[in-house]
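Read through the structure below, which is laid out as structure tokens, and then see the notes.
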Amino acid sequence: QLKLVESGGGFVQSGGSLRLSCEGSGDRISIYSMAWWRQSPGKQREMVAGITSSGTTHYLDSVEGRFTISRDSAKNTLILQMNNLKPEDTAVYYCRRPGVDAFDIWGQGTQVTVSS
């Protein structure tokens with residue numbers, strides 16, 4: 001069973017950068033579509049970026065051009081490079097392997113806080 005563990009969150013000033021990592025264990029993440037989601041207090045969880053098994057990427061409009069999703073297959077790790085961060089990017093960020101029921105796998109989340 002795939003397990004996902006995020007890291008790399010933290011506190012950064014507006015305009016700064018962070019690099020989130022999501023390490024997979026128990027299965028190879030490269031054979032699946034993967035995604036980063038986020039949830040801010042009082043808001044619904046939303047998908048920030050996704051990548052298919054073939055490498056096609058897609059992004060939430062508000063992060064297009066600032067965030068980049070990628071995979072390091074050798075390290076079995078999903079990456080989210082976040083540049084030019086804004087206060088509205090403040091959220092808990094989750095790594096996800098979409099699936100049905102028990103095959104829908106989420107990490108525990110990592111907090112990103114952007115100050116103005």
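Naming scheme: A, B, ... for chains in displayed order of the structure tokens; residues 1 onward per chain; ligands 1 onward as shown.
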- request: Find the spatial neighbours of range 51-66 of chain A, counting only C-alpha atoms, within a cut-off of 10 Å - ignore same-chain residues fewer than 3 positions away - and output them as an NGL selection string.
  value: :A and (17 or 29-37 or 46-48 or 69-71 or 78 or 81-86 or 88-89)
inquiry  = For the structure I just gave you, how does DSSP split chain A - specifically, which residues are helix (DSSP H, G or I)? Reply as an MDAnalysis selection string.
reply    = chainID A and resid 29:31 61:63 73:75 87:89 101:103
Keeping only N, CA and C atoms, take the residues you just selected and write them out as a compact mmCIF listing (two decimals), in the first residue's frame.
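Once written, again30.txt looks like this:
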```txt
# COMPACT_ATOMS: atom_id res chain seq x y z
N ILE A 29 5.44 6.04 -7.32
CA ILE A 29 4.49 7.10 -7.66
C ILE A 29 4.53 7.45 -9.14
N SER A 30 5.59 7.06 -9.83
CA SER A 30 5.73 7.44 -11.24
C SER A 30 4.70 6.78 -12.13
N ILE A 31 4.07 5.70 -11.68
CA ILE A 31 3.11 5.01 -12.54
C ILE A 31 1.69 5.55 -12.37
N ASP A 61 -5.52 28.09 -11.72
CA ASP A 61 -5.23 29.35 -12.43
C ASP A 61 -4.40 30.30 -11.58
N SER A 62 -4.69 30.37 -10.30
CA SER A 62 -4.04 31.36 -9.44
C SER A 62 -2.56 31.05 -9.16
N VAL A 63 -2.11 29.84 -9.47
CA VAL A 63 -0.70 29.49 -9.24
C VAL A 63 0.06 29.28 -10.54
N SER A 73 11.82 10.44 -10.00
CA SER A 73 11.52 9.00 -9.98
C SER A 73 12.57 8.21 -9.21
N ALA A 74 13.81 8.63 -9.29
CA ALA A 74 14.88 7.91 -8.59
C ALA A 74 14.66 7.94 -7.07
N LYS A 75 14.08 9.04 -6.58
CA LYS A 75 13.82 9.18 -5.15
C LYS A 75 12.37 8.88 -4.79
N PRO A 87 0.41 35.85 0.29
CA PRO A 87 -0.30 35.50 1.53
C PRO A 87 -1.48 34.55 1.29
N GLU A 88 -2.14 34.68 0.16
CA GLU A 88 -3.28 33.80 -0.13
C GLU A 88 -2.88 32.37 -0.44
N ASP A 89 -1.58 32.11 -0.55
CA ASP A 89 -1.10 30.74 -0.71
C ASP A 89 -0.97 30.02 0.64
N ASP A 101 -12.10 5.06 -2.97
CA ASP A 101 -12.17 4.52 -1.61
C ASP A 101 -10.77 4.35 -1.00
N ALA A 102 -10.40 3.13 -0.64
CA ALA A 102 -9.12 2.90 0.04
C ALA A 102 -7.92 3.16 -0.85
N PHE A 103 -8.15 3.30 -2.15
CA PHE A 103 -7.06 3.56 -3.08
C PHE A 103 -6.83 5.04 -3.29
```
Open item on the list: I'd like the contact shell of Val5 in chain A - 8 Å cut-off, only C-alpha atoms, skipping same-chain residues fewer than 4 positions apart - returned as a ChimeraX atom specification.
Closed with: /A:22-24,95,107-109
Of A:Gly26, A:Asp104, A:Gln39, A:Thr90, the one nearest to Gln13 in chain A when counting only C-alpha atoms is A:Thr90
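Each of A:Ser21, A:Ser7, A:Gln1, A:Ser40 was compared to Leu80 in chain A using only C-alpha atoms, and A:Ser21 turns out to be the nearest.
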